[in-house]
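One structure is given below, encoded as structure tokens.
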Amino acid sequence: MDFIITEDQATLTQGVRDYLAGVHGPELLRALDTSDSRRSADVWRGLVEMGLPGLLVPEARGGLGLSLLDAVLIAAELGRAGVAEPLADTALVAAPLLAKAGGQDALLGAIAAGEAKVALQHPVNPWVADLEDASHILSVKNGALLLTERSGDSELLDSVDPLRRLYAPVAASGVDVGSADALLDHAALIAAAQLVGVADAMLEQATDYAKNRSQFGQPIGSFQAVKHHLATAVVKIEFAKPVIQRAAVALAEGTASASVHVSHAKLAAADAAWAMSETAIQTHGAMGYTYEVDLHFWMKRAWALAGAWGDRAFHLARIDAAVIGGALPIGPGHSFA
Amino acid sequence: MDFIITEDQATLTQGVRDYLAGVHGPELLRALDTSDSRRSADVWRGLVEMGLPGLLVPEARGGLGLSLLDAVLIAAELGRAGVAEPLADTALVAAPLLAKAGGQDALLGAIAAGEAKVALQHPVNPWVADLEDASHILSVKNGALLLTERSGDSELLDSVDPLRRLYAPVAASGVDVGSADALLDHAALIAAAQLVGVADAMLEQATDYAKNRSQFGQPIGSFQAVKHHLATAVVKIEFAKPVIQRAAVALAEGTASASVHVSHAKLAAADAAWAMSETAIQTHGAMGYTYEVDLHFWMKRAWALAGAWGDRAFHLARIDAAVIGGALPIGPGHSFA
Amino acid sequence: MHLAYTPEQQDFRAEVRAWMEANVPKEPLVTLEREDGYHQHVEWERRLASGNWGMVTWPEAYGGRGLDLIQWLIFEEEYYRAGAPLRVNQNGIFLLGPTVMEFGTDEQKARFLTPMAKGEVIWAQAWSEPNAGSDMAAITSKAIRDGDHYVISGQKTWSSRASFADWGFGLFRTDPESKRHKGLSFILFDLNAPGVTRRPIRQLHGDPGFAELFFDEVRVPVENRIAGEGEGWNVAMATAGFERGLMLRSPARFQAAAERLVKLFRAHETKAAPAAREQVMQAWMDAQAYAYNTYAVASKIMAGGHIGAEASLNKIFWSELDRAAHRTAMQLLGASAELRHLDGGALNMWLEGYIFSLSGPIYAGSNEIQRNIIAERLLGLPR
Amino acid sequence: MHLAYTPEQQDFRAEVRAWMEANVPKEPLVTLEREDGYHQHVEWERRLASGNWGMVTWPEAYGGRGLDLIQWLIFEEEYYRAGAPLRVNQNGIFLLGPTVMEFGTDEQKARFLTPMAKGEVIWAQAWSEPNAGSDMAAITSKAIRDGDHYVISGQKTWSSRASFADWGFGLFRTDPESKRHKGLSFILFDLNAPGVTRRPIRQLHGDPGFAELFFDEVRVPVENRIAGEGEGWNVAMATAGFERGLMLRSPARFQAAAERLVKLFRAHETKAAPAAREQVMQAWMDAQAYAYNTYAVASKIMAGGHIGAEASLNKIFWSELDRAAHRTAMQLLGASAELRHLDGGALNMWLEGYIFSLSGPIYAGSNEIQRNIIAERLLGLPR
């Protein structure tokens, strides 16, 4: 029993953070916002060079063979940097599912090489992200997870998040590679992990603003009201992180209760990010209501990911069945049930 | 259409407030707390001399013939002063019910004279307040409200509120004088009104403490965190008051939706008082956790009245049926539906 | 207290309802934060004025109907009941109008109020400056007297409606040596005057809802000053009182939102989170409480009373109930909340409404400032 | 990260469970805030010590078992699972113990830790003074050096356990000329020494949970000072860190409360408010999150790390989840919530627990102070 992030994990995470801070800052988000595709081949190339698409691809297929715990740490960095490229869906959700399914060596190799991208379609969402950018699509029929190459077009939907590219769902088809529930759990976990990164980014922006913006002759961050708003947000964010890590381990190990832990993680992360978004705009004042500060990119991502891959009601229903329904043993001695 | 407290009403209310501030201060509460009966014949005599038991008794029966709107204003003063004497139950709940029932002239006269006291028993409460102090009892059987003289004893229950005298319910009996629902609505309204008075008292105590207690070389009330806690509480309290007044008018006029407005009033008042209680103890710090400051009397009253005469769940269920169920017209133009 | 409408009030309600039914556009207008939508909304203001509905409480001499505040509340209820468009001239009719009525000369009333009520002149507010937001006394924009004119230089920001409006009002430092609350004057200016540059600011939702204003020696006649020179702070505080107080957010707006939220909940009931049910009820309860309180304030004012620091209570209550109601809707929409258009292509009004609700706790004096006011002025806590 | 117990850890859990099942009193003890209950709880401490369970993480030389923090967490889980009594010596074992371990001399460790682990000496804390609550640096109680003794004069208040305990610890001003954080020393004293007067303070629930202490020239040997003269503030900050940090509130306590709350909800499900269902789930989720975080902190410390200002996050999280869980229970109980005894005469533990939970956001540094610490030390906002 040890609940700790290894030094290797911390080093890898910091490396990704530093890389993204360099190439994927707010200037890039603004440039993408005014581009037609909202995507950048250069950025994708960089992510591929960093080896990110192959993080969870088995080493034999050209990847790093990392775990879901690594995945949630990296996903948080993608959230922090505001990355909208379909990296999370392909590398952190599809890759481990395909690796587990077996028989998808070629596709896994292509993912690791940055040549294949997988779009994720599930009935819990009324949209599919990055569909037209994808080479493959995982979709759901009768509870089964189907894999096929993507073909044909779909209607582009308009997200409030200018960097998200959402499409109307298409007909499900392909070969059976697992279960719909597995897709949902993996994607919800990665969404949760991105959400805490998004929350951390908003916290940092709000904190910086509070240090630098002066009113009444002093930085607004010296006012106790501002301090306490931000401190309250930090508590929620920091206590979501171990929940996500616990869920990642449970899902990786196939623990029977993994779905419950994923739901807990999604709820904790979405609540923390949503609360942080309201705290962040309030800290920024009228400036926060403009497109001129960067905050809005992350606020919108928070709203989007909070509803994605199971909203509050969906995940609460799973907690309900487990905890109130009695399917899960609870109480002292059941910390890791 | 006018939503205003008249000068007469304001004068009467202020008179009661001033009187109670003189004779029913914290010292009295402390004295009662160490007495066996927790009641004072002197205090009751004073209340009778002020004419309070007869406020809602018709003038022909020796009372003042006031309205339920007057009743909620007076009830708030009883809450503010921490009055636990069975005045509210007898004078503000039982009297108008009996006056409406008709045929109870003698009893109404005795109430106005301070000679009769009526205990209220309803299945929504697992207790009856001041049973053994009462000459009469209103109780409920098959939805009907029954009146009888009280006889025999009952088990004394132990309330956290040292001044409340609660007894186990007794067998219902007597003559039919109305409906169980009418008792519930009247009593819930008066409980709501007392709750805002209780909340106001806690607000005043916390504000005074914040002005006088110094830490870090300044009154703690100069710290923005303390200011904002208290300001938030004020908003809740002040916005509960018009809801109570609106409910009083609806109940007095027999408006079809009166029960919904009473439930709204009870919810708003209980939420405001409960929130104020937590704000008040937090403002007082460790001192608030002691019996040495007066606050605890009002905190305990808030907890008690919040659960009395229909708890949150009970009153929410009535709002639910009306608003979500569609029984009540809602939206602009239905401010007074 | 008498909580029933008189026959006259009922007749008035029927009259408003009939006019609204006949005149409110069947299709929603484009947002007034965009140029095309702005002009649609101006068109609507003029249509309202054609029915003499510009501002019912104003004297007939200034384009009003001389009605009382209860009638105004009835008007607002019918306005929102009919789903009528937002008032593009809100800054004028609800903020500047009452200010001119209270502090203006007869000449100023005639000159400014009538065109305002008729929708002929649309007003922007110009309170904030880059370094004077919550701290409005830090204003540095100057208006230097030069004969019978002021010469204005400086910058304002977050000016709502200023991207497209005709005129603006704000505080300027007429005594360049003065500090803080002193030496400020309340001045009205033509947004098309030489020397005024507008830079629309893109808002959260992507549209230019407010603007930055740059003043380069803009000449404004002295008769555009409201009240005395150097008395601007008190005038502005009164205006801010109107803003936070009775009129800026009529309860009907929130009652309409609560009604829509109840309908949304019914449509999503089977897959809603347990607490959503309670949040929806709370939205209705809070909208009703706000309505009762507004009727109470209106009654008090009609009886000769006035509204002071209590206005801060209102500001906090409506802004937080509005945000909570829209947040609940966003959660009910779940994975669809982020879509700008919902099934069938209709604009996702809950998303738009949630975004707008986020400005509520910020503008017209942030809720932090309001809580300071409540603590210091209502409770008497030390500054 | 490896989230499974080793066979050794499982064996240890089984050993604790067996001992608790055999030894935990079948009937709940009287509250330790009353004299009779206090003595019952001291009895229990000694029984625990007889099984060598006084403080499992301490070295065997001081009455411990030399176990690690994960084993401590397992111990705590089994402790709460068995419904064992509150630890009357909590101030000693969780606050003073770690302080002596870190700052004490070998002589002090031997003198104080072993009797503590054995339940022979029960400790009170004596931090606050009437004018030094949140502002602990305002302490004025003096300890003036006189040869090999200090002479203590002054007053402490809100001293938990001090009504009945044997010894106390706190900060005293050893340099009478000093101000604020300087010139303070951390001193242990015998509560039965001549010149110490205890005045029990009645708490919210009516029992004398803490006491006021008056010191009238109390002579205390210099060897009762922990660490150097004038270094008291740093020692106390470390102690406060322990208090807010890992050990004061073990997650098992909240997991037990959440489990009971789920059961209460099931019994009241048909007449519960809609949001109660969600609040109950939140109580379970928060207790679990607190458990994960505690395991993470324990793992970090075992790997050589330490806990700093993050302790303030813990303090806020557990105190607010505890209050919320008990508030939910009070609401589920409805009109019965106020009763001190429920059906069948059993003590209303939810009422008692709610009252106790109200102290959580106040003591061990109020949550306002904790939020200041988070903002200033973790986020770097200006003081």
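Chains: A, B, ... in order of the structure tokens. Residues: from 1 per chain. Ligands: from 1, in order shown.
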May I have a table of the residues of chain C lying at most 6 Å from chain B, giving each one's closest pair of atoms and their distance in Å to one decimal, counting only C-alpha atoms, ordered by chain and ascending residue number, as a Markdown table?
| residue | atom | partner | partner_atom | distance |
| --- | --- | --- | --- | --- |
| C:Met1 | CA | B:Phe3 | CA | 5.0 |
| C:His2 | CA | B:Asp2 | CA | 5.1 |
| C:Leu3 | CA | B:Met1 | CA | 4.9 |
| C:Ala4 | CA | B:Met1 | CA | 5.0 |
| C:Tyr5 | CA | B:Met1 | CA | 4.9 |
| C:Glu77 | CA | B:Pro332 | CA | 4.8 |
| C:Arg81 | CA | B:Pro332 | CA | 5.4 |
| C:Ala252 | CA | B:Pro332 | CA | 4.8 |
| C:Gln255 | CA | B:Gly331 | CA | 4.8 |
| C:Ala256 | CA | B:Gly331 | CA | 5.0 |
| C:Glu259 | CA | B:Gly331 | CA | 5.1 |
| C:Ala289 | CA | B:Val243 | CA | 5.8 |
| C:Tyr292 | CA | B:Pro242 | CA | 5.9 |
| C:Asn293 | CA | B:Pro242 | CA | 5.8 |
| C:Tyr295 | CA | B:Phe3 | CA | 5.9 |
| C:Ala296 | CA | B:Phe3 | CA | 4.7 |
| C:Ser299 | CA | B:Asp2 | CA | 5.6 |
| C:Leu313 | CA | B:Val235 | CA | 5.5 |
| C:Arg371 | CA | B:Ala231 | CA | 5.4 |
| C:Ile374 | CA | B:Ala231 | CA | 5.7 |
| C:Ala375 | CA | B:Lys227 | CA | 5.3 |
| C:Leu381 | CA | B:Gly221 | CA | 5.6 |
| C:Pro382 | CA | B:Ser222 | CA | 5.1 |
| C:Arg383 | CA | B:Ser222 | CA | 5.7 |
Could you list, as a ChimeraX atom specification, every residue within 7 Å of Ala117 in chain D, counting only C-alpha atoms and ignoring same-chain residues fewer than 4 positions away? /D:49,54-55,63-64,113
Nearest candidate to Phe297 in chain B (options D:Leu261, D:Leu204, D:Thr239, D:Ala309; using only C-alpha atoms): D:Leu204
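Coordinates place CA of Ala84 in chain B at a distance of 11.3 Å from CA of Leu28 in chain B.
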Could you work out how far CA of Pro98 in chain D lies from CA of Leu48 in chain D, giving the answer in Å with one decimal? 19.1 Å
Should the cut-off be 10 Å, what would the residue list for chain D against chain C look like, counting only C-alpha atoms, as a PyMOL selection string? chain D and resi 273-279
Residues of range 48-293 of chain C in helix (DSSP H, G or I) according to DSSP, as a PyMOL selection string? chain C and resi 48-50+60-62+69-81+90-103+106-117+136-138+222-224+232-244+251-271+274-293
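What separates CA of Ser359 in chain D from CA of Phe215 in chain D is a distance of 26.0 Å.
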Range 104-343 of chain C: residues DSSP assigns to strand (DSSP E), reported as a ChimeraX atom specification: /C:123-126,142-146,149-160,167-173,184-190,196-201,210-221,225-226
